[in-house]
$ cat target.txt   # compact mmCIF, C-alpha atoms
# COMPACT_ATOMS: atom_id res chain seq x y z
CA MET A 18 -31.95 -202.32 151.09
CA ILE A 19 -33.94 -200.80 148.20
CA SER A 20 -37.20 -200.90 150.16
CA HIS A 21 -35.46 -199.17 153.10
CA PHE A 22 -34.14 -196.49 150.71
CA ARG A 23 -37.62 -195.98 149.19
CA ARG A 24 -39.25 -195.75 152.63
CA ILE A 25 -36.75 -193.13 153.83
CA ILE A 26 -37.13 -191.07 150.63
CA PHE A 27 -40.93 -191.27 150.91
CA THR A 28 -40.76 -190.16 154.57
CA GLY A 29 -38.52 -187.27 153.58
CA LEU A 30 -40.94 -186.23 150.84
CA LEU A 31 -43.85 -186.34 153.27
CA ALA A 32 -41.89 -184.03 155.56
CA ILE A 33 -40.77 -181.51 152.93
CA VAL A 34 -43.78 -181.33 150.57
CA PRO A 35 -46.15 -179.46 152.96
CA VAL A 36 -43.41 -176.95 153.81
CA ALA A 37 -42.43 -176.47 150.15
CA LEU A 38 -46.06 -176.10 149.04
CA THR A 39 -46.74 -173.55 151.79
CA PHE A 40 -43.76 -171.43 150.72
CA TYR A 41 -44.67 -171.83 147.05
CA ILE A 42 -48.27 -170.71 147.66
CA LEU A 43 -47.08 -167.74 149.73
CA LYS A 44 -44.62 -166.80 146.96
CA VAL A 45 -47.37 -166.98 144.31
CA VAL A 46 -49.74 -164.88 146.45
CA PHE A 47 -46.98 -162.36 147.16
CA THR A 48 -46.05 -162.13 143.45
CA VAL A 49 -49.67 -161.82 142.27
CA LEU A 50 -50.50 -159.12 144.83
CA ASP A 51 -47.25 -157.28 144.15
CA ASN A 52 -47.80 -157.39 140.37
CA LEU A 53 -51.43 -156.21 140.51
CA THR A 54 -50.43 -152.62 141.07
CA SER A 55 -46.84 -152.68 139.80
CA PRO A 56 -47.77 -151.00 136.45
CA ILE A 57 -48.68 -147.87 138.42
CA PHE A 58 -45.24 -147.77 140.02
CA LYS A 59 -43.40 -148.63 136.78
CA ARG A 60 -44.86 -145.51 135.14
CA MET A 61 -43.53 -143.45 138.04
CA ASP A 62 -40.18 -145.32 137.81
CA ILE A 63 -40.47 -146.59 141.38
CA TYR A 64 -39.59 -150.13 142.46
CA ILE A 65 -39.82 -151.11 146.11
CA PRO A 66 -40.44 -154.82 146.77
CA GLY A 67 -43.71 -155.29 148.63
CA LEU A 68 -45.09 -151.83 147.84
CA GLY A 69 -47.51 -153.42 145.36
CA ILE A 70 -48.86 -155.65 148.15
CA LEU A 71 -49.52 -152.65 150.38
CA LEU A 72 -51.32 -150.80 147.60
CA THR A 73 -53.30 -153.91 146.67
CA LEU A 74 -54.34 -154.43 150.30
CA LEU A 75 -55.34 -150.77 150.48
CA LEU A 76 -57.46 -151.15 147.32
CA VAL A 77 -59.09 -154.33 148.68
CA TYR A 78 -59.81 -152.50 151.95
CA LEU A 79 -61.42 -149.62 150.06
CA LEU A 80 -63.40 -152.14 148.01
CA GLY A 81 -64.57 -153.73 151.28
CA ILE A 82 -65.75 -150.33 152.52
CA PHE A 83 -67.53 -149.75 149.20
CA VAL A 84 -69.42 -153.08 149.17
CA THR A 85 -70.57 -152.68 152.78
CA ASN A 86 -72.51 -149.48 152.07
CA VAL A 87 -75.88 -149.25 150.31
CA LEU A 88 -74.56 -148.25 146.89
CA GLY A 89 -71.85 -150.92 147.00
CA LYS A 90 -74.34 -153.63 148.03
CA ARG A 91 -76.59 -152.70 145.11
CA PHE A 92 -73.67 -152.75 142.69
CA LEU A 93 -72.49 -156.13 144.03
CA HIS A 94 -76.02 -157.53 143.76
CA TRP A 95 -76.26 -156.28 140.16
CA LEU A 96 -72.86 -157.82 139.34
CA GLU A 97 -73.81 -161.18 140.92
CA THR A 98 -77.10 -161.19 138.98
CA LEU A 99 -75.17 -160.55 135.77
CA ILE A 100 -72.70 -163.35 136.53
CA LYS A 101 -75.48 -165.81 137.44
CA ASN A 102 -77.03 -165.31 133.99
CA ILE A 103 -73.88 -166.39 132.13
CA PRO A 104 -74.11 -170.20 131.66
CA LEU A 105 -70.58 -171.53 132.40
CA VAL A 106 -69.44 -168.60 134.51
CA ASN A 107 -72.34 -168.96 136.97
CA THR A 108 -71.33 -172.54 137.86
CA ILE A 109 -67.72 -171.55 138.49
CA TYR A 110 -68.78 -168.48 140.50
CA LYS A 111 -71.26 -170.39 142.70
CA THR A 112 -68.72 -173.14 143.43
CA ILE A 113 -65.97 -170.69 144.35
CA LYS A 114 -68.35 -168.65 146.51
CA GLN A 115 -69.57 -171.77 148.37
CA ILE A 116 -66.01 -172.96 148.99
CA ILE A 117 -64.99 -169.54 150.29
CA GLN A 118 -68.03 -169.45 152.57
CA ALA A 119 -67.18 -172.90 153.89
CA PHE A 120 -63.60 -171.85 154.67
CA THR A 121 -64.32 -168.40 156.05
CA GLY A 122 -67.04 -169.60 158.38
CA THR A 123 -69.93 -167.73 156.81
CA ALA A 124 -71.43 -171.15 156.08
CA GLU A 125 -71.54 -171.73 159.83
CA LYS A 126 -74.59 -169.49 160.12
CA LYS A 127 -76.54 -171.99 158.04
CA PHE A 128 -75.67 -174.89 160.34
CA GLN A 129 -77.20 -174.99 163.80
CA SER A 130 -75.22 -177.93 165.20
CA VAL A 131 -73.38 -181.12 164.28
CA VAL A 132 -74.68 -184.65 164.84
CA PHE A 133 -73.67 -188.22 164.07
CA ILE A 134 -76.08 -190.34 162.06
CA GLU A 135 -75.99 -193.87 160.73
CA TYR A 136 -75.59 -193.20 157.04
CA PRO A 137 -75.50 -194.59 154.34
CA ARG A 138 -76.34 -197.75 156.32
CA LYS A 139 -76.56 -199.05 159.88
CA ASP A 140 -73.26 -199.17 161.80
CA LEU A 141 -71.58 -196.59 159.52
CA TRP A 142 -71.43 -193.21 161.26
CA THR A 143 -71.39 -189.91 159.39
CA LEU A 144 -71.13 -186.29 160.47
CA ALA A 145 -74.16 -184.23 159.50
CA PHE A 146 -75.03 -180.57 159.94
CA VAL A 147 -78.41 -179.65 161.39
CA THR A 148 -80.06 -177.05 159.16
CA GLY A 149 -83.52 -177.09 160.68
CA GLU A 150 -86.15 -179.02 162.61
CA SER A 151 -89.75 -180.08 162.08
CA LYS A 152 -92.33 -182.47 163.49
CA ASN A 153 -95.00 -184.64 161.98
CA ASP A 154 -98.69 -184.89 162.89
CA LYS A 155 -97.83 -187.35 165.71
CA ASP A 156 -95.46 -184.82 167.31
CA VAL A 157 -92.35 -186.81 166.37
CA LYS A 158 -89.41 -184.40 166.04
CA PHE A 159 -87.23 -184.55 162.93
CA TYR A 160 -83.88 -183.04 162.03
CA HIS A 161 -83.26 -181.52 158.62
CA LEU A 162 -79.67 -182.49 157.87
CA PHE A 163 -77.02 -181.68 155.33
CA VAL A 164 -74.56 -184.56 154.89
CA PRO A 165 -71.45 -183.15 153.18
CA THR A 166 -69.07 -184.99 150.89
CA THR A 167 -65.32 -185.19 151.41
CA PRO A 168 -63.20 -183.18 150.64
CA ASN A 169 -65.65 -180.62 149.20
CA PRO A 170 -68.19 -179.81 151.93
CA THR A 171 -70.22 -177.62 149.58
CA SER A 172 -71.78 -180.68 147.96
CA GLY A 173 -73.70 -183.41 149.73
CA VAL A 174 -77.21 -184.66 150.38
CA PHE A 175 -80.17 -183.29 152.27
CA ILE A 176 -82.01 -185.79 154.48
CA ILE A 177 -84.71 -185.67 157.13
CA ILE A 178 -84.44 -188.16 160.00
CA PRO A 179 -86.12 -188.60 163.36
CA LYS A 180 -84.21 -186.62 165.97
CA LYS A 181 -83.93 -189.75 168.12
CA ASP A 182 -81.85 -191.45 165.38
CA SER A 183 -79.01 -188.95 165.75
CA ILE A 184 -76.31 -188.50 168.36
CA GLU A 185 -75.24 -185.01 169.39
CA THR A 186 -71.52 -184.30 169.05
CA GLU A 187 -69.14 -182.16 171.05
CA LEU A 188 -67.91 -180.61 167.78
CA ASN A 189 -68.63 -177.09 166.71
CA VAL A 190 -69.32 -176.40 163.03
CA GLU A 191 -65.76 -175.26 162.28
CA GLU A 192 -64.23 -178.44 163.76
CA ALA A 193 -66.68 -180.60 161.83
CA LEU A 194 -65.88 -178.79 158.56
CA LYS A 195 -62.16 -179.37 159.15
CA SER A 196 -62.84 -183.06 159.73
CA VAL A 197 -64.85 -183.35 156.51
CA ILE A 198 -62.39 -181.36 154.37
CA SER A 199 -59.42 -183.38 155.66
CA GLY A 200 -61.16 -186.70 155.03
CA GLY A 201 -61.08 -187.45 158.76
CA MET A 202 -57.39 -186.70 159.29
CA LEU A 203 -58.24 -183.71 161.50
CA ALA A 204 -61.11 -185.47 163.26
CA PRO A 205 -61.04 -185.52 167.08
CA LYS A 206 -59.49 -188.64 168.61
CA GLN A 207 -62.43 -189.18 170.96
CA HIS A 208 -66.15 -189.30 170.26
CA ASN A 209 -69.37 -190.40 171.91
CA LEU A 210 -70.38 -193.17 169.50
CA GLY A 211 -71.34 -196.70 170.57

$ encode --input "target.txt" --output "structure tokens"
Amino acid sequence: MISHFRRIIFTGLLAIVPVALTFYILKVVFTVLDNLTSPIFKRMDIYIPGLGILLTLLLVYLLGIFVTNVLGKRFLHWLETLIKNIPLVNTIYKTIKQIIQAFTGTAEKKFQSVVFIEYPRKDLWTLAFVTGESKNDKDVKFYHLFVPTTPNPTSGVFIIIPKKDSIETELNVEEALKSVISGGMLAPKQHNLG
């Protein structure tokens, strides 16, 4: 009876937690964006819910226009150089930037394709991203691979293996990143191994 009760409660929690977290995150984002520009409206004695979000989005859009032109690119480069020279801040900045690139797909440009390799030992298969190719003096072709860690695909190991020791996948880079980040929960149900 108690184990049945626990199991049902646990199942209910598994059902409600993702929904509750999604709404909580959206509420936090909404509040933060709305409060960014609310001091401007408070001085004018104006309060319209959501108006702060629109102004914030407008400011972010204008910032996007600024950083895509020559002057903005130079300013952004100067700012990044400044941040990279501050000991603790540079580590935080690099990590956040890599995670954002992984999620937004800008990291995809670095990866040419996705392969399976036997790593860290024989009969254990791992997803790896092809970052380049080379060949030795005997004309044997090699893949340069990045093997990401789960759930943070911005860290991992770089290895070079013979091309023949890898198996091409049907996955694109985005699907492979989702598989890695989810710890395999979002991995395709079919593959071409064995």

$ closest_residue --input "target.txt" --among "A:Gly81, A:Pro165, A:Pro205, A:Pro66" --to "Phe47 of chain A" --atoms "all atoms listed in the file"
A:Pro66

$ closest_residue --input "target.txt" --among "A:Thr112, A:Ser151, A:Asn169, A:Thr186" --to "Gly200 of chain A" --atoms "all atoms listed in the file"
A:Asn169

$ closest_residue --input "target.txt" --among "A:Val87, A:Leu50, A:Leu30, A:Leu203" --to "Leu72 of chain A" --atoms "only C-alpha atoms"
A:Leu50

$ closest_residue --input "target.txt" --among "A:Leu31, A:Thr143, A:Thr73, A:Lys111" --to "Ile57 of chain A" --atoms "only C-alpha atoms"
A:Thr73

$ atom_distance --input "target.txt" --atom1 "atom CA of Thr166 of chain A" --atom2 "atom CA of Thr108 of chain A"
18.2 Å

$ residues_near_point --input "target.txt" --point "(-50.7, -152.9, 142.5)" --cutoff "10 Å" --atoms "all atoms listed in the file" --output "list in words"
Val49, Leu50, Asp51, Asn52, Leu53, Thr54, Ser55, Pro56, Ile57, Phe58, Gly67, Leu68, Gly69, Ile70, Leu71, Leu72, Thr73, Leu74, Leu75 and Leu76 of chain A

$ atom_distance --input "target.txt" --atom1 "atom CA of Leu93 of chain A" --atom2 "atom CA of Leu105 of chain A"
19.4 Å

$ residues_around --input "target.txt" --residues "Met202 of chain A" --least-positions-apart "4" --cutoff "12 Å" --atoms "all atoms listed in the file" --output "number ranges by chain"
A: 167-168, 192-198, 206

$ atom_distance --input "target.txt" --atom1 "atom CA of Gln129 of chain A" --atom2 "atom CA of Thr148 of chain A"
5.8 Å

$ closest_residue --input "target.txt" --among "A:Leu188, A:Lys180, A:Val157, A:Lys152" --to "Ser130 of chain A" --atoms "only C-alpha atoms"
A:Leu188

$ residues_near_point --input "target.txt" --point "(-84.2, -180.8, 158.4)" --cutoff "10 Å" --atoms "all atoms listed in the file" --output "short mmCIF file (atom, residue, chain, number, x, y, z; two decimals) with C-alpha atoms, keeping the file's coordinate frame"
data_model
loop_
_atom_site.label_atom_id
_atom_site.label_comp_id
_atom_site.auth_asym_id
_atom_site.auth_seq_id
_atom_site.Cartn_x
_atom_site.Cartn_y
_atom_site.Cartn_z
CA PHE A 146 -75.03 -180.57 159.94
CA VAL A 147 -78.41 -179.65 161.39
CA THR A 148 -80.06 -177.05 159.16
CA GLY A 149 -83.52 -177.09 160.68
CA GLU A 150 -86.15 -179.02 162.61
CA SER A 151 -89.75 -180.08 162.08
CA LYS A 152 -92.33 -182.47 163.49
CA LYS A 158 -89.41 -184.40 166.04
CA PHE A 159 -87.23 -184.55 162.93
CA TYR A 160 -83.88 -183.04 162.03
CA HIS A 161 -83.26 -181.52 158.62
CA LEU A 162 -79.67 -182.49 157.87
CA PHE A 163 -77.02 -181.68 155.33
CA PHE A 175 -80.17 -183.29 152.27
CA ILE A 176 -82.01 -185.79 154.48
CA ILE A 177 -84.71 -185.67 157.13
CA ILE A 178 -84.44 -188.16 160.00
CA PRO A 179 -86.12 -188.60 163.36
CA LYS A 180 -84.21 -186.62 165.97
#

$ build_atoms --input "target.txt" --residues "segment 195-208 of chain A" --atoms "N, CA and C atoms" --output "tab-separated table (two decimals), in the coordinates of the input"
chain	number	residue	atom	x	y	z
A	195	LYS	N	-63.56	-178.96	159.29
A	195	LYS	CA	-62.16	-179.37	159.15
A	195	LYS	C	-62.06	-180.89	159.02
A	196	SER	N	-62.85	-181.60	159.80
A	196	SER	CA	-62.84	-183.06	159.73
A	196	SER	C	-63.27	-183.55	158.35
A	197	VAL	N	-64.32	-182.94	157.82
A	197	VAL	CA	-64.85	-183.35	156.51
A	197	VAL	C	-63.84	-183.02	155.41
A	198	ILE	N	-63.32	-181.79	155.41
A	198	ILE	CA	-62.39	-181.36	154.37
A	198	ILE	C	-61.12	-182.22	154.37
A	199	SER	N	-60.66	-182.59	155.56
A	199	SER	CA	-59.42	-183.38	155.66
A	199	SER	C	-59.66	-184.87	155.45
A	200	GLY	N	-60.88	-185.28	155.21
A	200	GLY	CA	-61.16	-186.70	155.03
A	200	GLY	C	-61.00	-187.47	156.34
A	201	GLY	N	-61.18	-186.80	157.46
A	201	GLY	CA	-61.08	-187.45	158.76
A	201	GLY	C	-59.72	-187.34	159.42
A	202	MET	N	-58.73	-186.81	158.70
A	202	MET	CA	-57.39	-186.70	159.29
A	202	MET	C	-57.34	-185.72	160.45
A	203	LEU	N	-58.20	-184.70	160.42
A	203	LEU	CA	-58.24	-183.71	161.50
A	203	LEU	C	-59.42	-183.94	162.44
A	204	ALA	N	-59.98	-185.15	162.39
A	204	ALA	CA	-61.11	-185.47	163.26
A	204	ALA	C	-60.61	-185.66	164.70
A	205	PRO	N	-61.43	-185.31	165.68
A	205	PRO	CA	-61.04	-185.52	167.08
A	205	PRO	C	-60.78	-187.00	167.35
A	206	LYS	N	-59.87	-187.26	168.28
A	206	LYS	CA	-59.49	-188.64	168.61
A	206	LYS	C	-60.50	-189.33	169.51
A	207	GLN	N	-61.40	-188.58	170.12
A	207	GLN	CA	-62.43	-189.18	170.96
A	207	GLN	C	-63.80	-188.73	170.49
A	208	HIS	N	-64.78	-189.62	170.63
A	208	HIS	CA	-66.15	-189.30	170.26
A	208	HIS	C	-67.10	-190.05	171.18
